[in-house]
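Chemist: See data.txt below, with compact mmCIF, C-alpha atoms.
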# COMPACT_ATOMS: atom_id res chain seq x y z
CA MET A 1 0.00 0.00 0.00
CA ALA A 2 1.30 3.45 -0.86
CA VAL A 3 0.07 6.52 1.01
CA THR A 4 0.78 10.02 -0.28
CA LEU A 5 0.76 12.51 2.59
CA THR A 6 -0.70 15.98 2.68
CA GLU A 7 1.60 18.90 3.57
CA ALA A 8 0.11 18.97 7.07
CA GLY A 9 0.60 15.21 7.37
CA SER A 10 4.23 15.45 6.34
CA GLU A 11 4.86 18.15 8.95
CA ASP A 12 2.90 16.48 11.76
CA LEU A 13 4.37 12.99 11.20
CA ALA A 14 7.97 14.27 10.81
CA ARG A 15 8.81 13.28 14.40
CA TYR A 16 7.85 9.65 13.59
CA ILE A 17 8.90 9.15 9.98
CA GLY A 18 11.41 11.92 9.36
CA PRO A 19 11.30 15.38 7.82
CA ASP A 20 10.03 16.14 4.32
CA VAL A 21 8.39 12.73 3.75
CA GLY A 22 5.83 12.82 0.96
CA GLY A 23 4.88 9.15 0.82
CA VAL A 24 4.87 5.97 2.87
CA ARG A 25 4.88 2.42 1.44
CA GLY A 26 4.25 -0.74 3.37
CA GLY A 27 1.93 -3.54 4.29
CA PHE A 28 -1.58 -2.70 5.44
CA GLN A 29 -2.22 -3.90 8.98
CA SER A 30 -5.51 -2.28 10.01
CA ALA A 31 -7.81 0.69 9.79
CA SER A 32 -9.37 2.34 12.81
CA GLU A 33 -10.67 5.70 13.96
CA ARG A 34 -7.02 6.66 14.59
CA GLY A 35 -6.13 6.05 10.93
CA LEU A 36 -4.35 3.49 8.76
CA THR A 37 -1.77 1.27 10.44
CA LEU A 38 1.07 0.27 8.11
CA SER A 39 4.15 -1.91 8.44
CA VAL A 40 6.50 0.52 6.68
CA SER A 41 8.97 -0.78 4.09
CA GLN A 42 9.90 2.56 2.49
CA VAL A 43 9.39 6.29 2.85
CA GLU A 44 9.77 8.66 -0.09
CA LEU A 45 11.03 12.15 0.52
CA ARG A 46 9.45 15.04 -1.38
CA ARG A 47 12.71 15.58 -3.28
CA GLY A 48 12.53 11.99 -4.60
CA ASP A 49 14.89 10.04 -2.34
CA VAL A 50 13.61 6.65 -1.13
CA LEU A 51 14.64 5.33 2.28
CA SER A 52 14.20 1.68 3.33
CA TRP A 53 12.59 0.72 6.60
CA GLN A 54 12.43 -2.63 8.38
CA GLY A 55 8.66 -2.97 8.87
CA GLU A 56 8.21 -0.54 11.74
CA THR A 57 4.57 0.20 12.50
CA VAL A 58 3.22 3.69 11.81
CA VAL A 59 -0.32 5.02 12.13
CA VAL A 60 -1.25 7.57 9.46
CA PRO A 61 -4.37 9.58 10.41
CA ARG A 62 -6.94 9.70 7.60
CA ALA A 63 -6.84 13.51 7.54
CA PHE A 64 -3.18 13.30 6.47
CA VAL A 65 -3.82 11.01 3.47
CA ALA A 66 -3.77 12.89 0.14
CA SER A 67 -4.06 9.69 -1.90
CA LEU A 68 -3.96 5.95 -1.42
CA GLU A 69 -2.71 3.25 -3.79
CA GLU A 70 -3.38 -0.39 -3.09
CA ARG A 71 -1.27 -3.07 -4.76
CA ARG A 72 -2.66 -6.55 -5.20
CA VAL A 73 -1.11 -9.75 -6.45
CA SER A 74 -2.11 -10.50 -10.03
CA ARG A 75 -3.33 -14.09 -10.40
CA GLY A 76 -2.44 -14.04 -14.09
CA ARG A 77 1.15 -13.10 -13.35
CA ILE A 78 1.43 -15.79 -10.67
CA VAL A 79 0.16 -18.44 -13.11
CA LEU A 80 2.55 -17.19 -15.80
CA LEU A 81 5.50 -17.24 -13.38
CA ALA A 82 4.65 -20.75 -12.13
CA GLY A 83 4.22 -22.05 -15.68
CA GLY A 84 7.53 -20.53 -16.78
CA SER A 85 9.32 -22.02 -13.79
CA LEU A 86 7.87 -25.47 -14.47
CA LEU A 87 8.85 -25.24 -18.13
CA ALA A 88 12.43 -24.26 -17.18
CA LEU A 89 12.62 -27.19 -14.72
CA VAL A 90 11.45 -29.69 -17.37
CA ALA A 91 13.87 -28.25 -19.95
CA SER A 92 16.77 -28.53 -17.46
CA TYR A 93 15.85 -32.12 -16.66
CA GLU A 94 15.68 -33.00 -20.35
CA ALA A 95 19.04 -31.31 -21.03
CA PHE A 96 21.01 -32.66 -18.05
CA GLY A 97 19.13 -35.74 -16.87
CA PRO A 98 18.32 -36.62 -13.27
CA ALA A 99 20.42 -35.12 -10.49
CA GLY A 100 22.99 -37.38 -8.90
CA GLY A 101 24.28 -38.74 -12.23
CA GLY A 102 27.82 -37.78 -13.11
CA VAL A 103 31.09 -39.70 -13.25
CA PRO A 104 31.30 -43.06 -11.42
CA ALA A 105 33.73 -43.29 -8.51
CA PRO A 106 37.13 -44.84 -9.28
CA ALA A 107 37.55 -48.48 -8.38
CA GLY A 108 39.48 -49.08 -5.14
CA PRO A 109 41.64 -52.04 -4.08
CA GLY A 110 39.81 -55.32 -4.08
CA THR A 111 37.01 -53.98 -6.26
CA PRO A 112 36.21 -56.11 -9.30
CA ARG A 113 36.81 -54.39 -12.59
Could you write out this structure as structure tokens?

Modeler:
Amino acid sequence: MAVTLTEAGSEDLARYIGPDVGGVRGGFQSASERGLTLSVSQVELRRGDVLSWQGETVVVPRAFVASLEERRVSRGRIVLLAGGSLLALVASYEAFGPAGGGVPAPAGPGTPR
């Protein structure tokens, strides 16, 4: 989820998320009368810099939200990725054979040849 902050939101939340932050990205945790609770992965400064976070929890009051963007997993892309991975696995198996093949171990003393 990506939240773009209002000017007032950027100023008021500066003590929690840093100065001049224009946007917050992270996982949605909950919504309440206090606002949106996010597990923050990145903050974007108004000048364009992006800073990584480690999932710290931040509550963004609704009055400070200028816009909201929700990202969802595309089922079509997941199916395409899984199909491509399966195809690559089959092609590798066909090209190289089963794992564990390779060169036989040299014969040691007392081993029939």

Chemist: Do you know which residues are at most 10 Å from segment 48-55 of chain A counting all atoms listed in the file, after dropping those on the same chain fewer than 5 positions away, and could you put them as a PDB file with C-alpha atoms, in the coordinates of the input?

Modeler:
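Here's the written file result_32.pdb:
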ATOM      1  CA  ILE A  17       8.900   9.150   9.980  1.00  0.00           C
ATOM      2  CA  VAL A  21       8.390  12.730   3.750  1.00  0.00           C
ATOM      3  CA  GLY A  22       5.830  12.820   0.960  1.00  0.00           C
ATOM      4  CA  GLY A  23       4.880   9.150   0.820  1.00  0.00           C
ATOM      5  CA  VAL A  24       4.870   5.970   2.870  1.00  0.00           C
ATOM      6  CA  ARG A  25       4.880   2.420   1.440  1.00  0.00           C
ATOM      7  CA  GLY A  26       4.250  -0.740   3.370  1.00  0.00           C
ATOM      8  CA  GLY A  27       1.930  -3.540   4.290  1.00  0.00           C
ATOM      9  CA  LEU A  38       1.070   0.270   8.110  1.00  0.00           C
ATOM     10  CA  SER A  39       4.150  -1.910   8.440  1.00  0.00           C
ATOM     11  CA  VAL A  40       6.500   0.520   6.680  1.00  0.00           C
ATOM     12  CA  SER A  41       8.970  -0.780   4.090  1.00  0.00           C
ATOM     13  CA  GLN A  42       9.900   2.560   2.490  1.00  0.00           C
ATOM     14  CA  VAL A  43       9.390   6.290   2.850  1.00  0.00           C
TER      15      VAL A  43
END

Chemist: Suppose you want the space between atom CA of Glu7 of chain A and atom CA of Glu56 of chain A; what is it in Å?

Modeler: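 These two atoms are separated by 22.1 Å.
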
Chemist: Of the candidates A:Arg15, A:Ala66, A:Ser10, A:Val58, which one gets nearest to Arg46 of chain A if we count all atoms listed in the file?

Modeler: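 Closest residue, counting all atoms listed in the file: A:Ser10.
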
Chemist: Mind pulling up the distance from atom CA of Ala14 of chain A to atom CA of Glu44 of chain A?

Modeler: 12.4 Å

Chemist: If I put a ball of radius 12 Å at (-5.5, 3.5, 11.6) in the file's coordinates, which residues poke into it when counting only C-alpha atoms, written as a CSV table (one decimal) with C-alpha atoms, in the coordinates of the input?

Modeler:
chain,number,residue,atom,x,y,z
A,28,PHE,CA,-1.6,-2.7,5.4
A,29,GLN,CA,-2.2,-3.9,9.0
A,30,SER,CA,-5.5,-2.3,10.0
A,31,ALA,CA,-7.8,0.7,9.8
A,32,SER,CA,-9.4,2.3,12.8
A,33,GLU,CA,-10.7,5.7,14.0
A,34,ARG,CA,-7.0,6.7,14.6
A,35,GLY,CA,-6.1,6.0,10.9
A,36,LEU,CA,-4.4,3.5,8.8
A,37,THR,CA,-1.8,1.3,10.4
A,38,LEU,CA,1.1,0.3,8.1
A,39,SER,CA,4.2,-1.9,8.4
A,57,THR,CA,4.6,0.2,12.5
A,58,VAL,CA,3.2,3.7,11.8
A,59,VAL,CA,-0.3,5.0,12.1
A,60,VAL,CA,-1.2,7.6,9.5
A,61,PRO,CA,-4.4,9.6,10.4
A,62,ARG,CA,-6.9,9.7,7.6
A,63,ALA,CA,-6.8,13.5,7.5
A,64,PHE,CA,-3.2,13.3,6.5
A,65,VAL,CA,-3.8,11.0,3.5

Chemist: When you draw a straight line from atom CA of Pro19 of chain A to atom CA of Val3 of chain A, how long is it in Å?

Modeler: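 Taking atom CA of Pro19 of chain A and atom CA of Val3 of chain A, their separation equals 15.8 Å.
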